[in-house]
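J.: Following this line is structure.txt, made up of compact mmCIF, C-alpha atoms:
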# COMPACT_ATOMS: atom_id res chain seq x y z
CA MET A 1 9.14 -10.78 24.95
CA GLU A 2 10.34 -7.15 24.93
CA ASN A 3 11.35 -7.53 21.28
CA SER A 4 8.08 -9.01 20.04
CA PRO A 5 6.08 -6.85 17.58
CA ILE A 6 3.03 -6.87 19.87
CA TYR A 7 5.04 -5.77 22.91
CA LEU A 8 6.73 -2.97 20.97
CA PHE A 9 3.40 -1.79 19.57
CA LEU A 10 1.71 -1.77 22.98
CA ARG A 11 4.66 0.16 24.39
CA SER A 12 4.29 2.74 21.60
CA LEU A 13 0.69 3.56 22.56
CA ASP A 14 0.11 6.53 24.84
CA PHE A 15 -2.95 4.75 26.20
CA PHE A 16 -0.79 2.12 27.93
CA LYS A 17 2.27 4.24 28.73
CA THR A 18 1.82 3.99 32.53
CA LEU A 19 1.55 0.19 32.63
CA ASP A 20 4.48 -1.82 33.97
CA ASP A 21 6.23 -4.51 31.95
CA GLY A 22 4.40 -7.30 33.77
CA ILE A 23 1.01 -6.09 32.59
CA ILE A 24 2.26 -5.38 29.07
CA ASN A 25 3.71 -8.90 28.85
CA GLN A 26 0.39 -10.30 30.04
CA MET A 27 -1.38 -8.29 27.35
CA VAL A 28 0.87 -9.80 24.70
CA TYR A 29 -0.64 -13.20 25.46
CA GLN A 30 -4.17 -11.73 25.53
CA SER A 31 -3.82 -10.00 22.15
CA LYS A 32 -3.88 -11.14 18.55
CA VAL A 33 -2.70 -9.48 15.35
CA GLU A 34 -5.19 -9.64 12.48
CA SER A 35 -4.75 -8.44 8.89
CA PHE A 36 -7.43 -7.14 6.54
CA LYS A 37 -7.33 -6.14 2.89
CA LYS A 38 -8.76 -2.85 1.68
CA GLY A 39 -12.55 -3.10 1.52
CA MET A 40 -12.82 -5.86 4.13
CA ASN A 41 -14.86 -5.34 7.30
CA ILE A 42 -13.33 -5.78 10.74
CA PHE A 43 -16.80 -5.92 12.22
CA GLU A 44 -20.30 -5.20 10.95
CA SER A 45 -23.43 -3.58 12.28
CA ASN A 46 -25.35 -5.97 14.59
CA ASP A 47 -22.27 -8.09 15.31
CA ASN A 48 -21.82 -9.01 18.96
CA ILE A 49 -19.34 -6.76 20.78
CA THR A 50 -16.52 -9.15 21.66
CA SER A 51 -13.30 -7.19 21.07
CA VAL A 52 -11.52 -3.86 21.17
CA TYR A 53 -9.00 -3.02 18.45
CA PHE A 54 -5.92 -0.84 18.08
CA ILE A 55 -4.82 0.08 14.55
CA MET A 56 -1.23 -1.05 13.96
CA ASN A 57 -1.15 0.29 10.41
CA GLY A 58 -3.71 1.29 7.81
CA SER A 59 -7.00 3.12 8.32
CA VAL A 60 -10.64 2.25 8.89
CA LYS A 61 -13.92 4.06 8.32
CA LEU A 62 -16.86 3.62 10.67
CA ARG A 63 -20.09 3.78 8.67
CA SER A 64 -23.77 3.24 9.29
CA ILE A 65 -26.86 3.25 7.10
CA THR A 66 -29.96 5.25 7.98
CA SER A 67 -33.54 4.03 7.62
CA ASN A 68 -33.73 5.72 4.20
CA ASP A 69 -30.54 3.96 3.04
CA LYS A 70 -28.26 6.97 3.37
CA VAL A 71 -24.65 6.15 4.28
CA ILE A 72 -23.15 8.09 7.19
CA ILE A 73 -19.42 7.93 7.87
CA LYS A 74 -19.08 8.57 11.58
CA GLU A 75 -15.29 8.80 11.68
CA ILE A 76 -12.04 7.56 10.20
CA VAL A 77 -9.66 5.75 12.55
CA TYR A 78 -5.93 5.86 11.88
CA GLU A 79 -2.72 4.21 13.07
CA LYS A 80 -2.30 3.87 16.87
CA GLU A 81 -5.94 4.82 17.48
CA ILE A 82 -8.54 2.68 19.23
CA LEU A 83 -11.46 1.12 17.37
CA GLY A 84 -14.65 -0.39 18.77
CA GLU A 85 -14.01 1.04 22.22
CA ASN A 86 -17.66 1.56 23.14
CA ILE A 87 -17.83 -1.66 25.16
CA PHE A 88 -19.85 -0.08 27.97
CA SER A 89 -22.86 0.60 25.76
CA THR A 90 -26.17 -0.80 26.96
CA SER A 91 -26.40 -2.45 23.55
CA LYS A 92 -24.37 -5.62 23.13
CA MET A 93 -24.38 -5.24 19.35
CA ARG A 94 -22.28 -3.09 17.04
CA ARG A 95 -24.05 -0.05 15.65
CA GLU A 96 -21.58 0.62 12.84
CA THR A 97 -19.57 -1.28 10.27
CA ALA A 98 -15.78 -0.88 10.38
CA GLU A 99 -14.49 -1.05 6.81
CA CYS A 100 -10.79 -0.87 5.91
CA ILE A 101 -9.97 1.91 3.46
CA ALA A 102 -6.43 0.56 3.09
CA ASP A 103 -4.69 -2.71 3.84
CA THR A 104 -4.84 -2.72 7.63
CA GLN A 105 -3.38 -4.58 10.60
CA VAL A 106 -5.09 -4.43 13.97
CA LEU A 107 -4.31 -5.67 17.45
CA ARG A 108 -7.42 -7.37 18.80
CA ILE A 109 -8.05 -7.57 22.55
CA SER A 110 -11.10 -9.35 23.95
CA SER A 111 -13.60 -6.94 25.48
CA HIS A 112 -13.79 -9.16 28.59
CA TYR A 113 -10.06 -8.85 29.24
CA PHE A 114 -10.02 -5.15 28.33
CA THR A 115 -12.88 -4.46 30.76
CA SER A 116 -11.11 -6.33 33.57
CA LEU A 117 -7.95 -4.33 32.87
CA LEU A 118 -9.89 -1.07 33.14
CA GLU A 119 -11.41 -2.19 36.45
CA LYS A 120 -7.96 -2.93 37.90
CA ARG A 121 -6.31 0.20 36.48
CA PRO A 122 -8.69 3.18 37.05
CA HIS A 123 -6.31 5.58 35.31
CA LEU A 124 -7.01 3.70 32.06
CA CYS A 125 -10.70 4.54 32.53
CA HIS A 126 -9.63 8.17 32.67
CA GLU A 127 -7.68 7.77 29.42
CA LEU A 128 -10.65 6.09 27.76
CA THR A 129 -12.96 8.87 28.97
CA LYS A 130 -10.63 11.42 27.37
CA ILE A 131 -10.95 9.53 24.08
CA PHE A 132 -14.76 9.52 24.35
CA VAL A 133 -14.78 13.27 25.07
CA GLU A 134 -12.47 14.01 22.14
CA LYS A 135 -14.62 11.97 19.75
CA LEU A 136 -17.78 13.69 20.96
CA SER A 137 -16.06 17.04 20.53
CA ASN A 138 -15.10 16.10 16.97
CA LEU A 139 -18.70 15.19 16.20
CA GLU A 140 -19.90 18.49 17.69
CA THR A 141 -17.35 20.39 15.61
CA ARG A 142 -18.52 18.52 12.52
CA MET A 143 -22.15 19.45 13.21
CA ASN A 144 -21.23 23.08 13.82
CA ASN A 145 -19.22 23.14 10.60
CA PHE A 146 -22.18 21.70 8.70
CA ILE A 147 -24.40 24.50 10.00
CA PHE A 148 -22.02 27.46 9.94
CA ARG A 149 -19.23 26.67 7.46
CA LYS A 150 -19.30 26.49 3.70
CA ALA A 151 -18.71 23.20 1.90
CA GLN A 152 -15.36 24.43 0.54
CA SER A 153 -14.09 25.13 4.05
CA ARG A 154 -15.11 21.67 5.25
CA ILE A 155 -13.19 20.03 2.40
CA TYR A 156 -10.14 22.19 3.15
CA ASP A 157 -10.29 21.12 6.81
CA PHE A 158 -10.54 17.48 5.74
CA LEU A 159 -7.38 17.80 3.63
CA LYS A 160 -5.49 19.52 6.45
CA LYS A 161 -6.55 16.83 8.92
CA LEU A 162 -5.38 14.15 6.49
CA ALA A 163 -2.05 15.92 6.10
CA GLU A 164 -1.68 15.95 9.87
CA VAL A 165 -2.42 12.26 10.48
CA LYS A 166 -1.49 10.59 7.18
CA GLY A 167 0.85 13.02 5.45
CA ILE A 168 4.34 12.16 4.27
CA LYS A 169 6.57 15.19 3.85
CA ILE A 170 8.12 15.49 0.39
CA GLY A 171 10.82 18.13 0.05
CA LEU A 172 10.44 21.40 1.93
CA ASP A 173 6.74 22.18 1.70
CA GLU A 174 4.97 19.37 -0.14
CA ILE A 175 2.97 16.70 1.69
CA LEU A 176 1.74 13.44 0.13
CA ILE A 177 -1.45 11.85 1.46
CA ASN A 178 -2.88 8.49 0.45
CA HIS A 179 -6.44 8.67 1.80
CA GLY A 180 -7.98 5.70 -0.03
CA LEU A 181 -11.39 7.37 -0.29
CA SER A 182 -13.60 8.01 -3.30
CA HIS A 183 -15.12 11.43 -3.94
CA LYS A 184 -18.42 10.05 -2.68
CA GLU A 185 -16.83 8.90 0.58
CA ILE A 186 -15.11 12.27 1.07
CA ALA A 187 -18.53 13.84 0.57
CA HIS A 188 -19.94 11.62 3.34
CA VAL A 189 -17.14 12.68 5.71
CA THR A 190 -17.39 16.39 4.91
CA ASP A 191 -21.20 16.46 4.69
CA THR A 192 -21.12 17.75 1.13
CA SER A 193 -21.93 16.23 -2.27
CA ARG A 194 -19.75 14.18 -4.62
CA GLN A 195 -20.05 16.93 -7.23
CA THR A 196 -18.88 19.56 -4.74
CA VAL A 197 -15.87 17.45 -3.74
CA ALA A 198 -14.91 16.95 -7.39
CA ARG A 199 -15.30 20.68 -8.11
CA VAL A 200 -13.29 21.87 -5.09
CA LEU A 201 -10.46 19.38 -5.65
CA GLY A 202 -10.43 20.27 -9.35
CA GLU A 203 -10.14 23.97 -8.54
CA LEU A 204 -7.30 23.32 -6.07
CA LYS A 205 -5.50 21.29 -8.71
CA LYS A 206 -6.01 24.01 -11.32
CA ASP A 207 -4.59 26.58 -8.90
CA ARG A 208 -1.60 24.24 -8.31
CA ILE A 209 -2.31 24.03 -4.57
CA ILE A 210 -2.67 20.25 -4.83
CA HIS A 211 -1.93 17.62 -7.46
CA PHE A 212 -3.42 14.20 -8.18
CA SER A 213 -3.58 12.01 -11.25
CA ALA A 214 -6.69 10.63 -12.90
CA ARG A 215 -5.30 7.10 -12.44
CA LYS A 216 -4.64 7.51 -8.71
CA PRO A 217 -7.05 10.17 -7.37
CA HIS A 218 -6.76 8.75 -3.83
CA LYS A 219 -3.18 10.04 -3.69
CA ILE A 220 -3.02 13.80 -3.27
CA LEU A 221 0.12 15.91 -3.19
CA ILE A 222 -0.40 19.12 -1.22
CA ARG A 223 2.11 21.58 -2.62
CA ASP A 224 1.73 24.13 0.18
CA LEU A 225 -0.39 23.43 3.25
CA SER A 226 -0.64 27.10 4.12
CA SER A 227 -2.50 27.70 0.85
CA LEU A 228 -5.47 25.69 2.17
CA SER A 229 -6.97 28.75 3.76
CA TYR A 230 -10.43 30.30 3.45
As a first step, turn the structure in this file into structure tokens.

T.:
Amino acid sequence: MENSPIYLFLRSLDFFKTLDDGIINQMVYQSKVESFKKGMNIFESNDNITSVYFIMNGSVKLRSITSNDKVIIKEIVYEKEILGENIFSTSKMRRETAECIADTQVLRISSHYFTSLLEKRPHLCHELTKIFVEKLSNLETRMNNFIFRKAQSRIYDFLKKLAEVKGIKIGLDEILINHGLSHKEIAHVTDTSRQTVARVLGELKKDRIIHFSARKPHKILIRDLSSLSY
């Protein structure tokens, strides 16, 4: 059991680091690995809330559509992060759609079992509360940036965040990121416009701060992270 992929993944998560082997082994039987291709939805808006997910590999965007058909990307969830954790909402339906922006594997745990685990292990409630607080803080930061920061700065911050969570170091200073997002989607995340994203990325490429090809624009090589300053 200790050598199973699910066991090893659960053991790698900070969220479950205090649990003993007995509970982790029990979770192995209560969990299921599911695979999704890029562009597929893990769940959709108005689906019943039945599961909590942990990203094993890949990345997922949480999006919703406003009454005037504007797309809002709430957040992007990466490897080893929790997805669909808002199981204590008064609503029993999903409010967002979780769309894979890369081929993705998730570990699915039923919300009923996850809730019972939280009730028996109060310290896990504390860990989940920390996640809620961090996500709310990120949303507050995003709103403040929208009000007080220029579009260029928001795009720079987006690239630096990607480098932190998705970057692969190449050589001494270069970092490769494969974000899987279109310019329009980056605009949704950074609260800018598609034209602004294209202009800023084009200027960074011209200044040799980043590099990307026309054939694979979703792969960006950051030549020097420290150059992404404002």

J.: What's the separation between atom CA of Phe54 of chain A and atom CA of Arg108 of chain A, in Å to one decimal place?

T.: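 Atom-to-atom, atom CA of Phe54 of chain A to atom CA of Arg108 of chain A, that is 6.7 Å.
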
J.: Show which residues sit within 12 Å of Glu127 of chain A, as a list in words. Count only C-alpha atoms, and ignore same-chain residues fewer than 3 positions away.

T.: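 The filter keeps Leu13, Asp14, Phe15, Phe16, Lys17, Thr18, Ile82, Glu85, Leu118, Arg121, Pro122, His123, Leu124, Lys130, Ile131, Phe132, Val133 and Glu134 of chain A.
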
J.: Give one line per residue of segment 181-213 of chain A that approaches segment 147-167 of chain A to at most 7 Å, naming the two atoms of the closest pair and their distance in Å to one decimal, counting all atoms listed in the file; sort by chain then ascending residue number and deliver it as JSON lines.

T.:
{"residue": "A:Thr190", "atom": "CA", "partner": "A:Arg154", "partner_atom": "CA", "distance": 5.8}
{"residue": "A:Thr192", "atom": "CA", "partner": "A:Ala151", "partner_atom": "CA", "distance": 6.0}
{"residue": "A:Val200", "atom": "CA", "partner": "A:Gln152", "partner_atom": "CA", "distance": 6.5}

J.: If you keep C-alpha atoms, can you produce a file of those selected residues as a PDB file, in the coordinates of the input?

T.:
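File written: again_0.pdb
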ATOM      1  CA  THR A 190     -17.390  16.390   4.910  1.00  0.00           C
ATOM      2  CA  THR A 192     -21.120  17.750   1.130  1.00  0.00           C
ATOM      3  CA  VAL A 200     -13.290  21.870  -5.090  1.00  0.00           C
TER       4      VAL A 200
END

J.: Have a look at atom CA of Ser137 of chain A and atom CA of Ser12 of chain A and let me know their distance in Å, one decimal.

T.: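 Between atom CA of Ser137 of chain A and atom CA of Ser12 of chain A the gap works out to 24.9 Å.
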
J.: Name all residues at most 12 Å from Ile210 of chain A (count all atoms listed in the file; drop same-chain ones fewer than 2 positions away) and give them as an MDAnalysis selection string.

T.: chainID A and resid 156 159:160 163 173:177 200:208 212:213 217 219:228

J.: Around the point (-18.1, -5.2, 8.5), in the coordinates given by the file, pick out the residues reaching within 9 Å, counting only C-alpha atoms, and return them as a list in words.

T.: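 Protein and nucleic acid residues near the point are Met40, Asn41, Ile42, Phe43, Glu44, Ser45, Asp47, Glu96, Thr97, Ala98, Glu99 and Cys100 of chain A.
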
J.: Enclose all atoms of segment 21-34 of chain A listed in the file in an axis-aligned box, grow every side by 4 Å, and hand back centre and edge lengths in Å to one decimal, as lines of an AutoDock Vina configuration file.

T.:
center_x = 0.5
center_y = -8.9
center_z = 23.1
size_x = 19.4
size_y = 16.7
size_z = 29.3
